[in-house]
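What follows is a short report on a single structure.
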Amino acid sequence: MPVLITGADTSLGGAVLAQLRPTGGQVRAYLDATTATDDDAARLRAAGCKVAVGELDDEGRLEAALEQ
């Protein structure tokens, strides 16, 4: 089952990501469009995450990130 981590570009989100990646499940990262950089997204993609960027209060975008 996929897991979506909001704020994966923060230190707490990164720690959660580091714990979940070795489990073999699909980890998805949702980055806040107002604070995340292109480098954050590239780093997470290189780590094997699916990445979505958007506003944290955009329910439609969050749902899409979970479905894809």
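Naming works like this for the structure tokens: A, B, ... for the chains as they're shown, residue 1 at the start of each chain, ligands 1 onward in shown order.
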Taking 6 positions as the minimum chain separation for residues in the same chain, which residues sit within 12 Å of Ala64 in chain A when counting only C-alpha atoms? Answer as a PyMOL selection string. chain A and resi 4+28+30+50-54+58
Print the selection's residues with N, CA, C and O atoms to a file, as an mmCIF file, in the first residue's frame.
data_model
loop_
_atom_site.group_PDB
_atom_site.id
_atom_site.type_symbol
_atom_site.label_atom_id
_atom_site.label_comp_id
_atom_site.auth_asym_id
_atom_site.auth_seq_id
_atom_site.Cartn_x
_atom_site.Cartn_y
_atom_site.Cartn_z
ATOM 1 N N LEU A 4 1.715 8.324 1.672
ATOM 2 C CA LEU A 4 1.982 9.702 1.256
ATOM 3 C C LEU A 4 2.526 10.475 2.449
ATOM 4 O O LEU A 4 1.908 10.505 3.507
ATOM 5 N N ARG A 28 5.330 8.018 -1.367
ATOM 6 C CA ARG A 28 5.035 9.199 -2.174
ATOM 7 C C ARG A 28 5.277 10.442 -1.339
ATOM 8 O O ARG A 28 4.989 10.459 -0.143
ATOM 9 N N TYR A 30 4.636 14.564 -0.906
ATOM 10 C CA TYR A 30 3.845 15.725 -1.289
ATOM 11 C C TYR A 30 4.551 16.947 -0.730
ATOM 12 O O TYR A 30 4.697 17.096 0.483
ATOM 13 N N LYS A 50 7.641 8.854 -5.625
ATOM 14 C CA LYS A 50 6.814 9.626 -6.536
ATOM 15 C C LYS A 50 6.578 10.958 -5.841
ATOM 16 O O LYS A 50 6.325 11.004 -4.638
ATOM 17 N N VAL A 51 6.684 12.046 -6.596
ATOM 18 C CA VAL A 51 6.620 13.376 -5.993
ATOM 19 C C VAL A 51 5.487 14.181 -6.617
ATOM 20 O O VAL A 51 5.318 14.206 -7.831
ATOM 21 N N ALA A 52 4.725 14.851 -5.743
ATOM 22 C CA ALA A 52 3.711 15.810 -6.174
ATOM 23 C C ALA A 52 3.978 17.110 -5.428
ATOM 24 O O ALA A 52 4.416 17.095 -4.277
ATOM 25 N N VAL A 53 3.729 18.219 -6.094
ATOM 26 C CA VAL A 53 3.940 19.529 -5.493
ATOM 27 C C VAL A 53 2.640 20.306 -5.581
ATOM 28 O O VAL A 53 2.005 20.351 -6.636
ATOM 29 N N GLY A 54 2.245 20.905 -4.475
ATOM 30 C CA GLY A 54 1.024 21.696 -4.475
ATOM 31 C C GLY A 54 0.807 22.353 -3.133
ATOM 32 O O GLY A 54 1.609 22.216 -2.212
ATOM 33 N N ASP A 58 -5.028 22.063 -0.786
ATOM 34 C CA ASP A 58 -5.665 21.732 -2.059
ATOM 35 C C ASP A 58 -6.080 20.262 -2.042
ATOM 36 O O ASP A 58 -5.313 19.371 -2.397
#
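A straight line drawn from CA of Ala29 in chain A to CA of Ile5 in chain A is 5.0 Å long.
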Would you mind telling me which residue in A:Ala8, A:Leu20, A:Ala15, A:Cys49 lies nearest to Ala36 in chain A when using only C-alpha atoms?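 Residue with the minimum atom-to-atom distance to Ala36 in chain A: A:Ala8.
Atom pair CA of Met1 in chain A / CA of Asp38 in chain A has a distance of 26.6 Å (rounded to one decimal).
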Just list the residues in chain A DSSP gives helix (DSSP H, G or I) on the backbone, as a ChimeraX atom specification. /A:11-23,38-46,59-67
Write out the residues from the selection above, keeping N, CA, C and O atoms, as a compact mmCIF listing (two decimals), in the first residue's frame.
# COMPACT_ATOMS: atom_id res chain seq x y z
N SER A 11 12.91 18.29 7.84
CA SER A 11 13.72 17.32 8.59
C SER A 11 12.87 16.19 9.15
O SER A 11 13.27 15.02 9.10
N LEU A 12 11.69 16.50 9.66
CA LEU A 12 10.82 15.44 10.18
C LEU A 12 10.33 14.53 9.05
O LEU A 12 10.36 13.31 9.17
N GLY A 13 9.90 15.13 7.95
CA GLY A 13 9.46 14.34 6.81
C GLY A 13 10.58 13.47 6.26
O GLY A 13 10.36 12.31 5.88
N GLY A 14 11.79 14.00 6.23
CA GLY A 14 12.93 13.22 5.78
C GLY A 14 13.21 12.03 6.69
O GLY A 14 13.57 10.95 6.22
N ALA A 15 13.03 12.22 7.99
CA ALA A 15 13.24 11.12 8.94
C ALA A 15 12.18 10.03 8.74
O ALA A 15 12.50 8.84 8.77
N VAL A 16 10.95 10.43 8.51
CA VAL A 16 9.88 9.46 8.25
C VAL A 16 10.17 8.71 6.95
O VAL A 16 10.06 7.49 6.88
N LEU A 17 10.58 9.44 5.96
CA LEU A 17 10.92 8.85 4.67
C LEU A 17 12.04 7.82 4.82
O LEU A 17 11.96 6.72 4.27
N ALA A 18 13.06 8.16 5.58
CA ALA A 18 14.19 7.25 5.79
C ALA A 18 13.75 5.96 6.48
O ALA A 18 14.31 4.89 6.22
N GLN A 19 12.76 6.04 7.33
CA GLN A 19 12.26 4.85 8.02
C GLN A 19 11.37 3.99 7.12
O GLN A 19 11.37 2.77 7.23
N LEU A 20 10.63 4.63 6.22
CA LEU A 20 9.68 3.90 5.38
C LEU A 20 10.30 3.30 4.12
O LEU A 20 9.86 2.24 3.66
N ARG A 21 11.28 3.94 3.55
CA ARG A 21 11.87 3.46 2.29
C ARG A 21 12.34 2.02 2.36
O ARG A 21 12.05 1.24 1.46
N PRO A 22 13.05 1.60 3.40
CA PRO A 22 13.55 0.22 3.44
C PRO A 22 12.47 -0.85 3.56
O PRO A 22 12.74 -2.02 3.35
N THR A 23 11.23 -0.45 3.85
CA THR A 23 10.17 -1.44 4.02
C THR A 23 9.72 -2.03 2.68
O THR A 23 9.01 -3.03 2.67
N ASP A 38 13.00 22.87 -6.58
CA ASP A 38 13.18 21.83 -7.60
C ASP A 38 14.21 20.80 -7.15
O ASP A 38 14.09 19.62 -7.47
N ASP A 39 15.21 21.25 -6.42
CA ASP A 39 16.23 20.32 -5.91
C ASP A 39 15.63 19.33 -4.92
O ASP A 39 16.02 18.16 -4.89
N ASP A 40 14.68 19.80 -4.08
CA ASP A 40 14.00 18.89 -3.15
C ASP A 40 13.28 17.79 -3.91
O ASP A 40 13.39 16.61 -3.58
N ALA A 41 12.54 18.18 -4.94
CA ALA A 41 11.80 17.20 -5.73
C ALA A 41 12.73 16.23 -6.44
O ALA A 41 12.50 15.01 -6.44
N ALA A 42 13.82 16.74 -7.00
CA ALA A 42 14.77 15.88 -7.71
C ALA A 42 15.43 14.89 -6.75
O ALA A 42 15.61 13.71 -7.09
N ARG A 43 15.77 15.34 -5.56
CA ARG A 43 16.40 14.47 -4.56
C ARG A 43 15.46 13.33 -4.15
O ARG A 43 15.87 12.17 -4.04
N LEU A 44 14.19 13.66 -3.96
CA LEU A 44 13.22 12.64 -3.56
C LEU A 44 12.94 11.66 -4.70
O LEU A 44 12.78 10.46 -4.46
N ARG A 45 12.89 12.17 -5.92
CA ARG A 45 12.70 11.26 -7.07
C ARG A 45 13.89 10.31 -7.20
O ARG A 45 13.72 9.13 -7.48
N ALA A 46 15.09 10.84 -7.00
CA ALA A 46 16.29 10.01 -7.07
C ALA A 46 16.28 8.92 -5.99
O ALA A 46 16.87 7.86 -6.17
N GLU A 59 -7.31 20.00 -1.61
CA GLU A 59 -7.78 18.63 -1.45
C GLU A 59 -7.74 17.84 -2.75
O GLU A 59 -7.40 16.66 -2.76
N GLY A 60 -8.08 18.48 -3.85
CA GLY A 60 -8.06 17.80 -5.14
C GLY A 60 -6.67 17.33 -5.52
O GLY A 60 -6.48 16.22 -6.00
N ARG A 61 -5.69 18.16 -5.27
CA ARG A 61 -4.30 17.80 -5.60
C ARG A 61 -3.81 16.67 -4.68
O ARG A 61 -3.10 15.77 -5.10
N LEU A 62 -4.18 16.74 -3.40
CA LEU A 62 -3.81 15.66 -2.48
C LEU A 62 -4.43 14.33 -2.90
O LEU A 62 -3.77 13.29 -2.90
N GLU A 63 -5.70 14.36 -3.28
CA GLU A 63 -6.36 13.14 -3.74
C GLU A 63 -5.67 12.59 -4.98
O GLU A 63 -5.48 11.38 -5.11
N ALA A 64 -5.32 13.47 -5.91
CA ALA A 64 -4.63 13.03 -7.12
C ALA A 64 -3.28 12.40 -6.79
O ALA A 64 -2.88 11.40 -7.39
N ALA A 65 -2.57 12.96 -5.83
CA ALA A 65 -1.27 12.42 -5.42
C ALA A 65 -1.43 11.02 -4.85
O ALA A 65 -0.58 10.16 -5.05
N LEU A 66 -2.53 10.77 -4.17
CA LEU A 66 -2.77 9.44 -3.60
C LEU A 66 -3.19 8.43 -4.66
O LEU A 66 -2.85 7.25 -4.57
N GLU A 67 -3.92 8.88 -5.67
CA GLU A 67 -4.44 7.97 -6.69
C GLU A 67 -3.39 7.57 -7.70
O GLU A 67 -3.39 6.46 -8.18
Sel. of strand (DSSP E) residues, chain A, as a list in words: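 Written out, the strand (DSSP E) residues of chain A are Val3, Leu4, Ile5, Thr6, Val27, Arg28, Ala29, Tyr30, Leu31, Asp32, Lys50, Val51, Ala52, Val53 and Gly54 of chain A.
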Neighbour list for Val3 in chain A as a PyMOL selection string, cut-off 8 Å, only C-alpha atoms, skip fewer than 6 positions in-chain: chain A and resi 25-28
